[in-house]
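A.B. asks: Before I ask anything, let me first share the structure, which is written out below as structure tokens.
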Amino acid sequence: MKPSILIVEDEEKIARVLEIELEYEDYEVSKAMSGTEGLEAFQNGDFDLVLLDIMLPGLSGIEVLRRIRSHDEHIPVILLTAKGSVEDKVSGLDLGATDYVTKPFQIEELLARIRAALRLHSKVQKSSTAGTEEQNQKQEVWLSAGDLKMNEKTREVLRAEDGIELTPREFDLLVYLLRNQRQVLNREQILEAVWGYDYMGDTNVVDVYIRYLRKKIDHGRSPLIHTVRGVGYVLRTET
């Protein structure tokens with residue numbers, strides 16, 4: 001069965017080019033020209049991936065993304081955005097986007113990101129299905145460093161018994177740091193482990209997420225996440 005892609009893009013020329021290229025690559029394609037129309041199409045259809053422009057009439061792309069994620073936490077959503085700053089890109093990822101492409105973009109790059117997102121989604125689905133029974137039999141396992149501890153199964157994060165709310169990406173990043181505590185990790189290692197080897201975005205997205213984590217984990221407490229200048233980051237209890 002052909003993968004099905006929903007394009008939500010109000011610029012007719014861009015939407016048509018995307019439709020032609022994706023159909024040539026043997027995808028089934030549906031189009032929507034506004035946020036409201038795109039959300040309705042998503043709710044009434046069965047798609048494998050969504051290409052979502054941020055600047056849309058009606059509902060904004062960010063609002064459409066929020067509503068998609070309230071119904072489906074896993075479908076790949078790639079943002080099409082004219083905004084170039086890292087902060088804007090991170091905001092989209094933080095709200096649940098799988099990836100982003102900044103306009104103007106090369107169609108070959110977009111196609112590569114689509115293939116990567118679909119491959120990763122397929123692997124996650126297979127892994128989740130295969131591991132459900134095994135996970136149900138496992139006892140709760142806590143990762144810890146000093147007075148910080150987290151439970152991968154229940155997704156609880158505690159610092160000195162105070163609960164800390166993390167986004168999914170922040171949670172994955174903290175898991176990786178805790179599993180490799182006292183090891184200095186460079187940005188490329190962190191990107192590959194947390195974002196996946198197919199990720200083609202900016203490496204300084206790691207710096208942004210480290211800053212987010214520090215605000216939640218280290219603020220007002222003894223620091224656990226340390227910068228090693230010229231190398232990367234390390235989680236350790238001693239300074």
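Please note that chains go A, B, ... in the order of the structure tokens, that every chain numbers its residues from 1, and that ligands are numbered from 1 in the order shown.
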Give me the residues near Ser34 (chain A) as a VMD selection string, where near means some atom within 7 Å (using only C-alpha atoms) and where sequence neighbours in that chain fewer than 6 positions away do not count.

C.D. replies: chain A and resid 8 to 10 56 to 58

A.B. asks: Give the alpha helix (DSSP H) residues of region 56-238 of chain A, as DSSP finds them on the backbone, and put them as JSON, numbers by chain.

C.D. replies: {"A": [61, 62, 63, 64, 65, 66, 67, 68, 69, 70, 71, 86, 87, 88, 89, 90, 91, 92, 93, 94, 107, 108, 109, 110, 111, 112, 113, 114, 115, 116, 117, 118, 119, 120, 121, 122, 123, 124, 125, 126, 127, 128, 129, 130, 131, 132, 133, 134, 135, 136, 137, 168, 169, 170, 171, 172, 173, 174, 175, 176, 177, 178, 179, 187, 188, 189, 190, 205, 206, 207, 208, 209, 210, 211, 212, 213, 214, 215, 216, 217]}

A.B. asks: A:Met150, A:Ile20, A:Leu51, A:Val234: which is nearest Ala97 (chain A), counting only C-alpha atoms?

C.D. replies: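 Ranking A:Met150, A:Ile20, A:Leu51, A:Val234 by distance to Ala97 (chain A), first place goes to A:Leu51.
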
A.B. asks: Just the residues within 7 Å of Leu49 (chain A), please, counting only C-alpha atoms, with nothing from its chain fewer than 3 positions along; format it as a list in words.

C.D. replies: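 After dropping sequence-adjacent residues, the list is Ser4, Ile5, Leu6, Ile75, Pro76 and Val77 of chain A.
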
A.B. asks: For Phe42 (chain A), which residue among A:Ile68, A:Leu18, A:Met55, A:Val141 is the nearest when counting only C-alpha atoms?

C.D. replies: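 Closest candidate: A:Ile68.
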
A.B. asks: When DSSP works through the backbone of this structure, what residues of chain A end up as strand (DSSP E), shown as a PyMOL selection string?

C.D. replies: chain A and resi 4-8+28-32+49-53+77-81+99-102+142-145+148-151+156-159+162-163+185-186+225-228+232-235

A.B. asks: Applying 12 Å and only C-alpha atoms, which residues near His74 (chain A) remain after dropping the ones on its own chain fewer than 4 positions away? List them as a PDB file with N, CA and C atoms, in the first residue's frame.

C.D. replies:
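Listing of out00.pdb after writing:
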```
ATOM      1  N   PHE A  47      -3.801   9.072   7.245  1.00  0.00           N
ATOM      2  CA  PHE A  47      -2.546   9.494   6.631  1.00  0.00           C
ATOM      3  C   PHE A  47      -1.347   8.910   7.371  1.00  0.00           C
ATOM      4  N   ASP A  48      -0.250   8.771   6.618  1.00  0.00           N
ATOM      5  CA  ASP A  48       1.003   8.285   7.202  1.00  0.00           C
ATOM      6  C   ASP A  48       1.941   9.415   7.586  1.00  0.00           C
ATOM      7  N   LEU A  49       1.717  10.618   7.022  1.00  0.00           N
ATOM      8  CA  LEU A  49       2.589  11.754   7.309  1.00  0.00           C
ATOM      9  C   LEU A  49       1.857  13.040   6.910  1.00  0.00           C
ATOM     10  N   VAL A  50       2.158  14.127   7.620  1.00  0.00           N
ATOM     11  CA  VAL A  50       1.573  15.438   7.318  1.00  0.00           C
ATOM     12  C   VAL A  50       2.693  16.440   7.051  1.00  0.00           C
ATOM     13  N   LEU A  65      -1.145  21.695  14.523  1.00  0.00           N
ATOM     14  CA  LEU A  65      -0.227  20.713  15.102  1.00  0.00           C
ATOM     15  C   LEU A  65      -0.683  20.303  16.501  1.00  0.00           C
ATOM     16  N   ILE A  68      -3.661  18.019  16.109  1.00  0.00           N
ATOM     17  CA  ILE A  68      -3.252  16.702  15.600  1.00  0.00           C
ATOM     18  C   ILE A  68      -2.666  15.866  16.725  1.00  0.00           C
ATOM     19  N   ARG A  69      -1.781  16.482  17.515  1.00  0.00           N
ATOM     20  CA  ARG A  69      -1.131  15.746  18.590  1.00  0.00           C
ATOM     21  C   ARG A  69      -2.106  15.343  19.699  1.00  0.00           C
ATOM     22  N   SER A  70      -3.209  16.060  19.850  1.00  0.00           N
ATOM     23  CA  SER A  70      -4.201  15.665  20.853  1.00  0.00           C
ATOM     24  C   SER A  70      -4.937  14.404  20.428  1.00  0.00           C
ATOM     25  N   GLY A  96       5.651  19.083  19.227  1.00  0.00           N
ATOM     26  CA  GLY A  96       5.352  17.736  18.749  1.00  0.00           C
ATOM     27  C   GLY A  96       5.675  17.474  17.299  1.00  0.00           C
ATOM     28  N   ALA A  97       6.235  18.455  16.586  1.00  0.00           N
ATOM     29  CA  ALA A  97       6.609  18.208  15.197  1.00  0.00           C
ATOM     30  C   ALA A  97       7.754  17.198  15.134  1.00  0.00           C
ATOM     31  N   THR A  98       7.755  16.407  14.078  1.00  0.00           N
ATOM     32  CA  THR A  98       8.817  15.421  13.891  1.00  0.00           C
ATOM     33  C   THR A  98      10.075  16.072  13.335  1.00  0.00           C
ATOM     34  N   ALA A 117      11.503  10.199   8.102  1.00  0.00           N
ATOM     35  CA  ALA A 117      10.423  10.233   9.086  1.00  0.00           C
ATOM     36  C   ALA A 117       9.547   8.986   8.988  1.00  0.00           C
ATOM     37  N   LEU A 118       9.263   8.543   7.774  1.00  0.00           N
ATOM     38  CA  LEU A 118       8.435   7.345   7.594  1.00  0.00           C
ATOM     39  C   LEU A 118       9.164   6.091   8.063  1.00  0.00           C
ATOM     40  N   LEU A 120      11.548   5.948  10.392  1.00  0.00           N
ATOM     41  CA  LEU A 120      11.615   5.988  11.849  1.00  0.00           C
ATOM     42  C   LEU A 120      10.263   5.636  12.462  1.00  0.00           C
ATOM     43  N   HIS A 121       9.188   6.164  11.889  1.00  0.00           N
ATOM     44  CA  HIS A 121       7.846   5.876  12.395  1.00  0.00           C
ATOM     45  C   HIS A 121       7.537   4.388  12.291  1.00  0.00           C
ATOM     46  N   SER A 122       7.939   3.781  11.178  1.00  0.00           N
ATOM     47  CA  SER A 122       7.716   2.349  10.990  1.00  0.00           C
ATOM     48  C   SER A 122       8.492   1.521  12.013  1.00  0.00           C
ATOM     49  N   LYS A 123       9.751   1.928  12.280  1.00  0.00           N
ATOM     50  CA  LYS A 123      10.564   1.213  13.267  1.00  0.00           C
ATOM     51  C   LYS A 123       9.957   1.328  14.665  1.00  0.00           C
ATOM     52  N   VAL A 124       9.495   2.529  15.003  1.00  0.00           N
ATOM     53  CA  VAL A 124       8.902   2.743  16.325  1.00  0.00           C
ATOM     54  C   VAL A 124       7.654   1.896  16.494  1.00  0.00           C
ATOM     55  N   GLN A 125       6.814   1.845  15.465  1.00  0.00           N
ATOM     56  CA  GLN A 125       5.590   1.049  15.540  1.00  0.00           C
ATOM     57  C   GLN A 125       5.902  -0.433  15.729  1.00  0.00           C
ATOM     58  N   SER A 128       7.350  -0.972  19.212  1.00  0.00           N
ATOM     59  CA  SER A 128       6.315  -0.835  20.237  1.00  0.00           C
ATOM     60  C   SER A 128       5.446  -2.075  20.299  1.00  0.00           C
ATOM     61  N   PRO A 168       8.490  15.569  25.717  1.00  0.00           N
ATOM     62  CA  PRO A 168       9.030  14.280  25.258  1.00  0.00           C
ATOM     63  C   PRO A 168      10.498  14.347  24.848  1.00  0.00           C
TER      64      PRO A 168
END
```

A.B. asks: Which residues are near Arg169 (chain A)? Cut-off 12 Å, only C-alpha atoms, ignore same chain within fewer than 5 positions. Put them as a list in words.

C.D. replies: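 Result of the neighbour search: Val90, Ser91, Gly92, Leu93, Asp94, Leu95, Gly96, Ala97, Thr98, Leu174, Val175, Tyr176, Ile190, Leu191, Ala193, Val194, Trp195, Gly196, Val205, Val206, Val208, Tyr209, Ile210, Tyr212 and Leu213 of chain A.
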
A.B. asks: Which residues, written as a list in words, have at least one atom at most 9 Å from Ile225 (chain A), with only C-alpha atoms counted and residues fewer than 2 positions away on the same chain left out?

C.D. replies: Leu177, Ile210, Leu213, Arg214, Ile217, Asp218, Pro223, Thr227, Tyr233, Val234, Leu235, Arg236 and Thr237 of chain A
